[in-house]
$ cat work.tsv   # TSV, C-alpha atoms
chain	number	residue	atom	x	y	z
A	46	MET	CA	-76.60	168.60	51.66
A	47	ASN	CA	-78.99	171.40	52.69
A	48	TYR	CA	-82.06	170.71	54.85
A	49	ARG	CA	-85.49	172.32	55.08
A	50	SER	CA	-88.44	172.00	57.43
A	51	LEU	CA	-91.20	169.66	56.33
A	52	GLY	CA	-94.01	172.15	56.84
A	53	ARG	CA	-95.00	172.57	60.48
A	54	THR	CA	-94.00	169.06	61.50
A	55	GLY	CA	-90.71	169.90	63.17
A	56	ILE	CA	-89.04	167.43	60.77
A	57	GLU	CA	-86.01	168.49	58.71
A	58	VAL	CA	-85.47	166.82	55.34
A	59	SER	CA	-82.73	167.10	52.73
A	60	VAL	CA	-83.44	169.34	49.76
A	61	HIS	CA	-83.22	166.29	47.51
A	62	CYS	CA	-85.00	163.08	48.50
A	63	LEU	CA	-84.89	159.52	47.22
A	64	GLY	CA	-88.00	158.12	45.55
A	65	THR	CA	-88.26	154.38	44.94
A	66	MET	CA	-90.98	154.08	42.27
A	67	MET	CA	-88.44	152.51	39.88
A	68	PHE	CA	-87.43	149.81	42.38
A	69	GLY	CA	-89.07	146.47	41.74
A	70	ALA	CA	-90.95	144.93	38.84
A	71	VAL	CA	-91.50	148.19	36.92
A	72	GLY	CA	-87.83	149.18	37.04
A	73	ASN	CA	-84.77	147.71	38.76
A	74	LYS	CA	-85.59	144.10	39.65
A	75	ASP	CA	-82.23	143.47	41.36
A	76	HIS	CA	-83.02	143.94	45.05
A	77	GLY	CA	-79.37	143.97	46.03
A	78	ASP	CA	-78.60	146.73	43.57
A	79	CYS	CA	-81.59	148.75	44.80
A	80	VAL	CA	-80.37	148.41	48.40
A	81	ARG	CA	-76.94	149.68	47.36
A	82	ILE	CA	-78.57	152.70	45.68
A	83	VAL	CA	-80.46	153.53	48.88
A	84	HIS	CA	-77.27	153.25	50.93
A	85	ALA	CA	-75.35	155.44	48.45
A	86	ALA	CA	-78.07	158.09	48.68
A	87	LEU	CA	-77.93	158.07	52.48
A	88	ASP	CA	-74.14	158.26	52.42
A	89	ALA	CA	-74.43	161.30	50.12
A	90	GLY	CA	-76.51	163.16	52.71
A	91	ILE	CA	-80.07	162.33	51.64
A	92	ASN	CA	-82.22	161.64	54.70
A	93	PHE	CA	-85.72	161.27	53.18
A	94	VAL	CA	-86.92	158.10	51.43
A	95	ASP	CA	-90.30	158.07	49.71
A	96	THR	CA	-92.20	155.04	48.48
A	97	ALA	CA	-95.81	153.82	48.12
A	98	ASP	CA	-97.71	150.62	48.68
A	99	MET	CA	-98.72	150.40	45.00
A	100	TYR	CA	-95.19	150.66	43.59
A	101	SER	CA	-94.67	147.20	42.09
A	102	ALA	CA	-97.54	145.91	44.26
A	103	GLY	CA	-95.65	146.36	47.53
A	104	GLU	CA	-92.26	145.19	46.26
A	105	SER	CA	-90.76	148.68	46.48
A	106	GLU	CA	-91.69	148.92	50.17
A	107	GLU	CA	-90.09	145.51	50.78
A	108	ILE	CA	-86.86	146.69	49.11
A	109	VAL	CA	-86.80	149.84	51.25
A	110	GLY	CA	-87.34	147.68	54.33
A	111	LYS	CA	-84.31	145.57	53.40
A	112	ALA	CA	-82.21	148.70	52.82
A	113	LEU	CA	-83.08	150.20	56.22
A	114	ALA	CA	-82.61	146.99	58.20
A	115	GLY	CA	-79.55	146.64	60.36
A	116	GLY	CA	-79.61	150.05	62.01
A	117	ARG	CA	-80.25	152.52	59.19
A	118	ARG	CA	-83.94	153.14	59.96
A	119	ASP	CA	-83.17	155.97	62.38
A	120	GLU	CA	-81.15	157.78	59.69
A	121	VAL	CA	-84.15	158.54	57.50
A	122	VAL	CA	-87.47	160.26	57.36
A	123	LEU	CA	-89.57	157.45	55.86
A	124	ALA	CA	-92.65	158.17	53.77
A	125	THR	CA	-95.15	155.97	51.99
A	126	LYS	CA	-98.65	156.29	50.53
A	127	VAL	CA	-102.12	154.77	50.40
A	128	HIS	CA	-104.99	154.91	47.88
A	129	PHE	CA	-104.44	152.82	44.75
A	130	PRO	CA	-105.74	149.23	44.47
A	131	MET	CA	-103.72	146.55	46.23
A	132	GLY	CA	-105.72	143.55	45.09
A	133	GLU	CA	-109.16	142.56	43.89
A	134	GLY	CA	-112.30	143.91	45.50
A	135	ARG	CA	-113.85	147.28	46.23
A	136	ASN	CA	-112.45	147.49	49.75
A	137	ARG	CA	-108.75	147.17	48.90
A	138	SER	CA	-108.23	150.73	47.70
A	139	GLY	CA	-109.34	154.29	48.29
A	140	ASN	CA	-109.28	156.62	51.29
A	141	SER	CA	-111.84	155.02	53.59
A	142	ARG	CA	-111.12	154.38	57.26
A	143	ARG	CA	-111.51	150.65	56.65
A	144	TRP	CA	-108.82	150.55	53.97
A	145	ILE	CA	-106.41	153.03	55.56
A	146	VAL	CA	-106.34	151.06	58.82
A	147	ARG	CA	-105.61	147.84	56.90
A	148	ALA	CA	-103.17	149.38	54.42
A	149	VAL	CA	-100.97	151.03	57.05
A	150	GLU	CA	-100.45	147.67	58.80
A	151	ASP	CA	-99.45	146.09	55.49
A	152	SER	CA	-96.98	148.92	54.80
A	153	LEU	CA	-95.47	148.70	58.28
A	154	ARG	CA	-94.92	144.97	57.77
A	155	ARG	CA	-93.33	145.33	54.33
A	156	LEU	CA	-91.13	148.22	55.50
A	157	GLY	CA	-90.04	146.33	58.62
A	158	THR	CA	-90.68	149.29	60.91
A	159	ASP	CA	-92.90	150.24	63.84
A	160	TRP	CA	-93.74	153.70	62.52
A	161	ILE	CA	-93.98	155.74	59.34
A	162	ASP	CA	-92.80	159.34	59.50
A	163	LEU	CA	-95.05	160.65	56.73
A	164	TYR	CA	-98.13	158.79	55.49
A	165	GLN	CA	-99.59	160.29	52.32
A	166	VAL	CA	-102.98	159.95	50.62
A	167	HIS	CA	-101.89	159.18	47.07
A	168	ARG	CA	-104.90	160.73	45.25
A	169	PRO	CA	-108.34	162.12	46.15
A	170	ASP	CA	-111.24	159.71	46.62
A	171	HIS	CA	-114.62	161.22	45.87
A	172	THR	CA	-116.45	158.15	47.19
A	173	THR	CA	-115.19	158.86	50.72
A	174	ASP	CA	-115.88	161.99	52.76
A	175	ILE	CA	-112.60	163.78	53.49
A	176	GLU	CA	-113.70	164.01	57.14
A	177	GLU	CA	-113.55	160.21	57.40
A	178	THR	CA	-110.06	160.16	55.87
A	179	LEU	CA	-108.73	162.88	58.17
A	180	GLY	CA	-110.23	161.19	61.21
A	181	ALA	CA	-108.63	157.85	60.38
A	182	LEU	CA	-105.22	159.45	59.79
A	183	GLY	CA	-105.46	161.43	63.02
A	184	ASP	CA	-106.15	158.23	64.94
A	185	LEU	CA	-103.03	156.64	63.42
A	186	VAL	CA	-100.97	159.59	64.66
A	187	ARG	CA	-102.37	159.17	68.18
A	188	GLU	CA	-101.61	155.43	68.03
A	189	GLY	CA	-97.98	156.19	67.09
A	190	LYS	CA	-98.13	154.27	63.81
A	191	ILE	CA	-97.50	157.43	61.79
A	192	ARG	CA	-95.87	160.73	62.80
A	193	ALA	CA	-97.57	163.04	60.30
A	194	PHE	CA	-99.74	162.78	57.19
A	195	GLY	CA	-100.22	164.61	53.93
A	196	CYS	CA	-101.52	164.26	50.39
A	197	SER	CA	-100.05	163.60	46.97
A	198	THR	CA	-101.08	165.14	43.65
A	199	PHE	CA	-104.19	166.80	45.06
A	200	PRO	CA	-105.69	169.70	43.10
A	201	ALA	CA	-105.57	173.04	44.92
A	202	GLU	CA	-109.31	172.96	45.64
A	203	GLU	CA	-109.03	169.53	47.28
A	204	ILE	CA	-106.20	170.77	49.50
A	205	ALA	CA	-108.23	173.82	50.50
A	206	GLN	CA	-111.28	171.66	51.24
A	207	ALA	CA	-109.25	169.34	53.46
A	208	HIS	CA	-107.96	172.28	55.50
A	209	HIS	CA	-111.48	173.73	55.74
A	210	VAL	CA	-112.86	170.43	57.09
A	211	SER	CA	-109.97	170.10	59.53
A	212	GLU	CA	-110.70	173.54	60.93
A	213	ARG	CA	-114.49	173.10	61.09
A	214	ARG	CA	-114.34	169.61	62.63
A	215	ALA	CA	-111.27	170.13	64.85
A	216	LEU	CA	-109.38	167.37	63.07
A	217	PRO	CA	-105.61	167.05	62.44
A	218	ARG	CA	-104.70	168.53	59.07
A	219	MET	CA	-102.67	167.64	56.04
A	220	ARG	CA	-99.05	168.70	56.64
A	221	THR	CA	-97.56	168.08	53.19
A	222	GLU	CA	-98.40	167.88	49.50
A	223	GLN	CA	-96.44	165.90	46.90
A	224	PRO	CA	-97.15	167.27	43.39
A	225	PRO	CA	-95.44	166.71	40.01
A	226	TYR	CA	-93.27	169.72	39.15
A	227	SER	CA	-90.65	170.25	36.47
A	228	ILE	CA	-89.53	172.81	33.91
A	229	LEU	CA	-91.96	171.19	31.46
A	230	ALA	CA	-94.85	170.98	33.95
A	231	ARG	CA	-95.19	174.27	35.82
A	232	GLY	CA	-98.97	174.35	36.20
A	233	ILE	CA	-98.87	174.05	40.00
A	234	GLU	CA	-97.22	177.48	40.18
A	235	ARG	CA	-100.71	178.92	39.52
A	236	ASP	CA	-102.57	177.32	42.41
A	237	VAL	CA	-101.16	174.31	44.29
A	238	LEU	CA	-97.92	175.96	45.41
A	239	PRO	CA	-99.56	179.22	46.60
A	240	VAL	CA	-102.25	177.26	48.48
A	241	ALA	CA	-99.71	174.96	50.11
A	242	ARG	CA	-97.59	177.93	51.14
A	243	ARG	CA	-100.62	179.74	52.57
A	244	HIS	CA	-101.39	176.74	54.78
A	245	GLY	CA	-97.78	176.20	55.89
A	246	MET	CA	-97.48	172.81	54.18
A	247	GLY	CA	-94.26	171.11	53.22
A	248	VAL	CA	-94.05	170.46	49.46
A	249	LEU	CA	-92.18	167.42	48.11
A	250	THR	CA	-92.18	167.58	44.32
A	251	TRP	CA	-91.82	164.57	42.04
A	252	SER	CA	-90.80	163.92	38.42
A	253	PRO	CA	-88.23	166.72	38.03
A	254	LEU	CA	-87.06	164.98	34.83
A	255	ALA	CA	-90.59	165.11	33.38
A	256	SER	CA	-90.87	161.31	33.00
A	257	GLY	CA	-87.42	161.21	31.41
A	258	PHE	CA	-87.81	164.03	28.88
A	259	LEU	CA	-85.24	166.06	30.80
A	260	SER	CA	-82.78	163.19	31.22
A	261	GLY	CA	-80.79	164.32	28.18
A	262	LYS	CA	-81.57	161.06	26.32
A	263	TYR	CA	-84.21	162.55	24.05
A	264	ARG	CA	-83.61	165.17	21.38
A	265	PRO	CA	-85.77	166.64	18.61
A	266	GLY	CA	-85.73	164.48	15.47
A	267	ALA	CA	-83.83	161.61	17.12
A	268	PRO	CA	-85.56	158.20	17.38
A	269	VAL	CA	-86.83	157.18	20.82
A	270	ASP	CA	-86.21	153.67	22.20
A	271	LEU	CA	-89.63	152.53	23.41
A	272	THR	CA	-88.36	149.26	24.88
A	273	SER	CA	-86.68	150.49	28.07
A	274	GLY	CA	-86.99	152.97	30.94
A	275	ARG	CA	-89.90	155.39	31.20
A	276	ALA	CA	-90.60	155.15	27.48
A	277	ALA	CA	-91.40	151.44	27.88
A	278	LEU	CA	-93.86	152.20	30.70
A	279	THR	CA	-95.75	154.96	28.84
A	280	PRO	CA	-94.82	154.80	25.13
A	281	ALA	CA	-97.64	157.16	24.12
A	282	ARG	CA	-95.87	159.98	25.98
A	283	PHE	CA	-92.83	159.58	23.72
A	284	ASP	CA	-94.50	159.25	20.31
A	285	GLN	CA	-93.06	162.17	18.33
A	286	ALA	CA	-96.06	162.14	15.99
A	287	VAL	CA	-98.12	163.57	18.86
A	288	PRO	CA	-97.86	167.40	18.76
A	289	GLY	CA	-97.57	167.69	22.52
A	290	ASN	CA	-94.64	165.28	22.61
A	291	ALA	CA	-92.93	167.19	19.82
A	292	ALA	CA	-93.30	170.38	21.87
A	293	LYS	CA	-91.69	168.70	24.85
A	294	LEU	CA	-88.77	167.53	22.73
A	295	GLU	CA	-88.32	170.99	21.23
A	296	ALA	CA	-88.22	172.54	24.72
A	297	ALA	CA	-85.82	169.82	25.92
A	298	GLY	CA	-83.47	170.63	23.03
A	299	ARG	CA	-83.40	174.30	24.01
A	300	LEU	CA	-82.84	173.39	27.65
A	301	ILE	CA	-79.87	171.18	26.69
A	302	GLU	CA	-78.32	174.24	25.03
A	303	LEU	CA	-79.00	176.30	28.16
A	304	ALA	CA	-77.44	173.68	30.42
A	305	ASP	CA	-74.35	173.52	28.19
A	306	SER	CA	-74.00	177.30	28.35
A	307	ILE	CA	-73.85	177.34	32.17
A	308	GLY	CA	-71.60	174.27	32.44
A	309	CYS	CA	-73.98	171.66	33.80
A	310	THR	CA	-75.96	168.70	32.50
A	311	LEU	CA	-79.66	168.83	31.67
A	312	PRO	CA	-80.57	166.49	34.59
A	313	GLU	CA	-78.67	168.76	36.99
A	314	LEU	CA	-80.51	171.80	35.63
A	315	ALA	CA	-83.83	169.97	35.90
A	316	VAL	CA	-83.27	168.81	39.47
A	317	ALA	CA	-82.07	172.25	40.62
A	318	PHE	CA	-85.05	174.09	39.13
A	319	PRO	CA	-87.88	173.11	41.54
A	320	THR	CA	-85.84	174.01	44.63
A	321	VAL	CA	-85.85	177.68	43.56
A	322	HIS	CA	-89.56	178.08	44.32
A	323	PRO	CA	-90.08	179.35	47.90
A	324	ALA	CA	-92.94	176.90	48.49
A	325	VAL	CA	-90.88	173.80	47.68
A	326	THR	CA	-89.32	171.89	50.55
A	327	SER	CA	-87.63	169.07	48.68
A	328	VAL	CA	-87.33	167.41	45.27
A	329	ILE	CA	-87.78	163.66	44.93
A	330	ILE	CA	-85.36	162.00	42.55
A	331	GLY	CA	-86.24	158.53	41.26
A	332	PRO	CA	-83.13	156.77	39.94
A	333	ARG	CA	-83.30	153.24	38.57
A	334	THR	CA	-79.52	152.69	38.55
A	335	MET	CA	-76.48	153.84	40.48
A	336	ASP	CA	-75.30	155.89	37.49
A	337	GLN	CA	-78.62	157.72	37.40
A	338	LEU	CA	-78.34	158.50	41.11
A	339	GLN	CA	-74.87	159.98	40.67
A	340	SER	CA	-75.99	162.05	37.68
A	341	LEU	CA	-78.85	163.54	39.69
A	342	LEU	CA	-76.91	164.30	42.86
A	343	GLY	CA	-74.97	166.98	41.00
A	344	GLY	CA	-78.11	169.10	40.93
A	345	ALA	CA	-77.97	169.38	44.73
A	346	ALA	CA	-74.97	171.70	44.52
A	347	LEU	CA	-76.21	173.77	41.58
A	348	THR	CA	-77.46	177.32	42.20
A	349	LEU	CA	-79.43	178.86	39.34
A	350	ASP	CA	-79.05	182.61	38.91
A	351	ASP	CA	-81.77	184.99	37.76
A	352	ALA	CA	-80.42	185.14	34.20
A	353	THR	CA	-80.73	181.36	33.87
A	354	LEU	CA	-84.23	181.36	35.35
A	355	ASP	CA	-85.26	184.13	32.95
A	356	ARG	CA	-84.13	181.97	30.03
A	357	ILE	CA	-86.11	179.03	31.41
A	358	ASP	CA	-89.18	181.28	31.61
A	359	GLU	CA	-88.73	182.12	27.93
A	360	ILE	CA	-88.67	178.42	26.99
A	361	VAL	CA	-91.58	177.38	29.25
A	362	PRO	CA	-93.54	180.33	30.69
A	363	PRO	CA	-94.44	180.26	34.41
A	364	GLY	CA	-97.61	178.33	35.20
A	365	THR	CA	-97.50	176.41	31.91
A	366	ASN	CA	-97.82	172.64	31.44
A	367	LEU	CA	-96.44	171.24	28.20
A	368	TYR	CA	-98.10	167.96	29.12
A	369	ARG	CA	-100.47	166.62	31.77
A	370	PRO	CA	-98.05	165.36	34.42
A	371	ASP	CA	-100.47	163.10	36.28
A	372	GLY	CA	-101.39	160.38	33.83
A	373	VAL	CA	-103.14	158.01	36.26
A	374	TRP	CA	-105.97	160.07	37.79
A	375	ASN	CA	-108.74	162.25	36.42
A	376	PRO	CA	-111.33	164.11	38.49
A	377	PRO	CA	-114.81	162.55	38.37
A	378	ALA	CA	-116.10	165.96	37.27
A	379	LEU	CA	-114.49	165.14	33.91
A	380	THR	CA	-114.74	161.36	33.70
A	381	GLU	CA	-118.33	160.81	34.88
A	382	LEU	CA	-120.92	161.85	32.32
A	383	ALA	CA	-123.57	162.41	34.99
A	384	GLN	CA	-121.44	165.19	36.45
A	385	ARG	CA	-121.08	166.93	33.08
A	386	ARG	CA	-124.48	166.39	31.48
A	387	ARG	CA	-127.95	167.09	32.80
A	388	PRO	CA	-130.59	164.44	32.09
A	389	VAL	CA	-132.09	164.90	28.62
A	390	THR	CA	-135.41	166.03	30.11
A	391	GLU	CA	-133.67	168.92	31.91
A	392	ARG	CA	-131.60	170.27	29.02
A	393	ALA	CA	-134.12	172.60	27.45
A	394	ALA	CA	-133.03	176.22	27.70
A	395	GLY	CA	-136.57	177.54	27.97
$ encode --input "work.tsv" --output "structure tokens"
Amino acid sequence: MNYRSLGRTGIEVSVHCLGTMMFGAVGNKDHGDCVRIVHAALDAGINFVDTADMYSAGESEEIVGKALAGGRRDEVVLATKVHFPMGEGRNRSGNSRRWIVRAVEDSLRRLGTDWIDLYQVHRPDHTTDIEETLGALGDLVREGKIRAFGCSTFPAEEIAQAHHVSERRALPRMRTEQPPYSILARGIERDVLPVARRHGMGVLTWSPLASGFLSGKYRPGAPVDLTSGRAALTPARFDQAVPGNAAKLEAAGRLIELADSIGCTLPELAVAFPTVHPAVTSVIIGPRTMDQLQSLLGGAALTLDDATLDRIDEIVPPGTNLYRPDGVWNPPALTELAQRRRPVTERAAG
């Protein structure tokens, strides 16, 4: 397993990391099986485990804590996240100092550890000044509860703003970004990856299989089982009557042919692709079963040549998204009418 530096943290992580979003109520409910998957990943050379407090309402963190008990904690770089609601009430979510200080204690307890190596802000929060967020995270570093902090699925402008505030206010800065990135979702090549590289950030990409579209299970014209796996979680993304979904399936069919021609599987091709970009530190794989883990590990040894990458560019041009990869967050500039429409009395052109 190859290793790369996690930005300017001094931490080395394996090129492929284990994500645990599919552990718990939304995926694999067998805790013992999930623990075995974590151990198999560590035995294969993976040394980075990523989770989040909101995955199955904390259950995923509890599973990771069980897997790392008994002496395996020191083997891994452990990452988790904060932002999404963890209960009723306005003060149990977001990026405020009040919630971050509470949420990190809850995560430490569920994970069964005294420290978190990488604590990530899961999404932007436009109700909280980024200066407050950075200050709270910096205090957690000084207290030894976290070693470093970063962001996840932040737009390029939000990343740049965070670095600007850090510099102006002499605050610790974001060290990593965790964006969605796959052959079918290459939009971050336009802005997020160049910005992260400019600021020396580590980049940990997620969803290399494009929510399952690059798993090899789905082919143009073939019926999709909407009762299991990713399709059960977000069935609208797999409805072939939607033109965008049809485009994804058409691209997936061409990519299956490409993978066959170079002697690998589509998941291996998909997992190998993000590591080619010079800004990418590591790719997070999110298996639900042991078989899925083994099928993805093959991508760690796959080197894509320029001819293969040129063919990928023909199927999905650089910087192109065939779908919107982040389906759970929209910027207020789009969702809040007051930010898109002047009051009626101010709309006259004259």
$ residues_around --input "work.tsv" --residues "segment 156-173 of chain A" --least-positions-apart "5" --cutoff "8 Å" --atoms "only C-alpha atoms" --output "number ranges by chain"
A: 106-111, 114, 118, 122-129, 139-141, 178, 189-199, 203, 374, 377
$ residues_around --input "work.tsv" --residues "Pro370 of chain A" --least-positions-apart "3" --cutoff "10 Å" --atoms "all atoms listed in the file" --output "MDAnalysis selection string"
chainID A and resid 198 224:227 229:232 251:252 255:256 366:367 373
$ residues_around --input "work.tsv" --residues "segment 57-61 of chain A" --least-positions-apart "6" --cutoff "6 Å" --atoms "only C-alpha atoms" --output "ChimeraX atom specification"
/A:47-51,91-93,327-329
$ atom_distance --input "work.tsv" --atom1 "atom CA of Tyr100 of chain A" --atom2 "atom CA of Met67 of chain A"
7.9 Å
$ closest_residue --input "work.tsv" --among "A:Glu150, A:Asp98, A:Asp88, A:Asp119" --to "Met66 of chain A" --atoms "only C-alpha atoms"
A:Asp98
$ residues_around --input "work.tsv" --residues "Pro280 of chain A" --least-positions-apart "3" --cutoff "12 Å" --atoms "only C-alpha atoms" --output "PyMOL selection string"
chain A and resi 256-257+269-277+283-287+290
$ atom_distance --input "work.tsv" --atom1 "atom CA of Arg117 of chain A" --atom2 "atom CA of Gly90 of chain A"
13.0 Å
$ closest_residue --input "work.tsv" --among "A:Ala352, A:Leu179, A:Leu294, A:Ile228" --to "Thr320 of chain A" --atoms "all atoms listed in the file"
A:Ile228
$ atom_distance --input "work.tsv" --atom1 "atom CA of Leu63 of chain A" --atom2 "atom CA of Val146 of chain A"
25.8 Å
$ closest_residue --input "work.tsv" --among "A:Pro323, A:Arg299, A:Arg386, A:Tyr263" --to "Asp358 of chain A" --atoms "all atoms listed in the file"
A:Arg299
$ closest_residue --input "work.tsv" --among "A:Leu347, A:Ala205, A:Val71, A:Ala296" --to "Asp236 of chain A" --atoms "all atoms listed in the file"
A:Ala205
$ closest_residue --input "work.tsv" --among "A:Met131, A:Ile360, A:Val325, A:Ala317" --to "Glu222 of chain A" --atoms "only C-alpha atoms"
A:Val325
$ closest_residue --input "work.tsv" --among "A:Leu254, A:Met219, A:Val237, A:Leu314" --to "Leu354 of chain A" --atoms "only C-alpha atoms"
A:Leu314
$ residues_around --input "work.tsv" --residues "Lys74 of chain A" --least-positions-apart "2" --cutoff "10 Å" --atoms "only C-alpha atoms" --output "count of residues only"
15
$ decode --input "work.tsv" --residues "segment 253-261 of chain A" --atoms "all heavy atoms" --output "PDB file, in the first residue's frame"
ATOM      1  N   PRO A 253     -16.027   7.292  -4.971  1.00  0.00           N
ATOM      2  CA  PRO A 253     -15.391   6.972  -6.257  1.00  0.00           C
ATOM      3  C   PRO A 253     -16.293   6.129  -7.161  1.00  0.00           C
ATOM      4  O   PRO A 253     -16.130   6.148  -8.381  1.00  0.00           O
ATOM      5  CB  PRO A 253     -14.134   6.199  -5.857  1.00  0.00           C
ATOM      6  CG  PRO A 253     -14.476   5.599  -4.526  1.00  0.00           C
ATOM      7  CD  PRO A 253     -15.326   6.642  -3.850  1.00  0.00           C
ATOM      8  N   LEU A 254     -17.259   5.406  -6.566  1.00  0.00           N
ATOM      9  CA  LEU A 254     -18.181   4.598  -7.367  1.00  0.00           C
ATOM     10  C   LEU A 254     -19.439   5.365  -7.764  1.00  0.00           C
ATOM     11  O   LEU A 254     -20.385   4.774  -8.291  1.00  0.00           O
ATOM     12  CB  LEU A 254     -18.574   3.324  -6.610  1.00  0.00           C
ATOM     13  CG  LEU A 254     -17.447   2.364  -6.235  1.00  0.00           C
ATOM     14  CD1 LEU A 254     -18.023   1.061  -5.686  1.00  0.00           C
ATOM     15  CD2 LEU A 254     -16.532   2.083  -7.407  1.00  0.00           C
ATOM     16  N   ALA A 255     -19.434   6.681  -7.515  1.00  0.00           N
ATOM     17  CA  ALA A 255     -20.554   7.534  -7.935  1.00  0.00           C
ATOM     18  C   ALA A 255     -21.888   6.995  -7.415  1.00  0.00           C
ATOM     19  O   ALA A 255     -22.822   6.761  -8.183  1.00  0.00           O
ATOM     20  CB  ALA A 255     -20.578   7.675  -9.455  1.00  0.00           C
ATOM     21  N   SER A 256     -21.955   6.791  -6.101  1.00  0.00           N
ATOM     22  CA  SER A 256     -23.164   6.271  -5.437  1.00  0.00           C
ATOM     23  C   SER A 256     -23.601   4.927  -6.005  1.00  0.00           C
ATOM     24  O   SER A 256     -24.796   4.606  -6.022  1.00  0.00           O
ATOM     25  CB  SER A 256     -24.312   7.289  -5.545  1.00  0.00           C
ATOM     26  OG  SER A 256     -23.989   8.465  -4.837  1.00  0.00           O
ATOM     27  N   GLY A 257     -22.640   4.141  -6.466  1.00  0.00           N
ATOM     28  CA  GLY A 257     -22.937   2.792  -6.951  1.00  0.00           C
ATOM     29  C   GLY A 257     -23.033   2.667  -8.452  1.00  0.00           C
ATOM     30  O   GLY A 257     -23.033   1.545  -8.975  1.00  0.00           O
ATOM     31  N   PHE A 258     -23.094   3.776  -9.185  1.00  0.00           N
ATOM     32  CA  PHE A 258     -23.221   3.695 -10.640  1.00  0.00           C
ATOM     33  C   PHE A 258     -21.987   3.071 -11.291  1.00  0.00           C
ATOM     34  O   PHE A 258     -22.071   2.541 -12.401  1.00  0.00           O
ATOM     35  CB  PHE A 258     -23.480   5.081 -11.241  1.00  0.00           C
ATOM     36  CG  PHE A 258     -24.935   5.361 -11.460  1.00  0.00           C
ATOM     37  CD1 PHE A 258     -25.713   5.877 -10.440  1.00  0.00           C
ATOM     38  CD2 PHE A 258     -25.539   5.079 -12.672  1.00  0.00           C
ATOM     39  CE1 PHE A 258     -27.065   6.120 -10.631  1.00  0.00           C
ATOM     40  CE2 PHE A 258     -26.891   5.311 -12.872  1.00  0.00           C
ATOM     41  CZ  PHE A 258     -27.657   5.835 -11.849  1.00  0.00           C
ATOM     42  N   LEU A 259     -20.848   3.122 -10.604  1.00  0.00           N
ATOM     43  CA  LEU A 259     -19.632   2.536 -11.154  1.00  0.00           C
ATOM     44  C   LEU A 259     -19.265   1.235 -10.440  1.00  0.00           C
ATOM     45  O   LEU A 259     -18.112   0.811 -10.445  1.00  0.00           O
ATOM     46  CB  LEU A 259     -18.475   3.540 -11.070  1.00  0.00           C
ATOM     47  CG  LEU A 259     -18.688   4.844 -11.848  1.00  0.00           C
ATOM     48  CD1 LEU A 259     -17.478   5.762 -11.706  1.00  0.00           C
ATOM     49  CD2 LEU A 259     -18.975   4.557 -13.324  1.00  0.00           C
ATOM     50  N   SER A 260     -20.257   0.599  -9.841  1.00  0.00           N
ATOM     51  CA  SER A 260     -20.024  -0.686  -9.176  1.00  0.00           C
ATOM     52  C   SER A 260     -20.044  -1.847 -10.154  1.00  0.00           C
ATOM     53  O   SER A 260     -19.647  -2.960  -9.813  1.00  0.00           O
ATOM     54  CB  SER A 260     -21.096  -0.918  -8.104  1.00  0.00           C
ATOM     55  OG  SER A 260     -22.379  -1.071  -8.712  1.00  0.00           O
ATOM     56  N   GLY A 261     -20.543  -1.609 -11.370  1.00  0.00           N
ATOM     57  CA  GLY A 261     -20.683  -2.675 -12.348  1.00  0.00           C
ATOM     58  C   GLY A 261     -22.047  -3.344 -12.301  1.00  0.00           C
ATOM     59  O   GLY A 261     -22.371  -4.181 -13.149  1.00  0.00           O
TER      60      GLY A 261
END
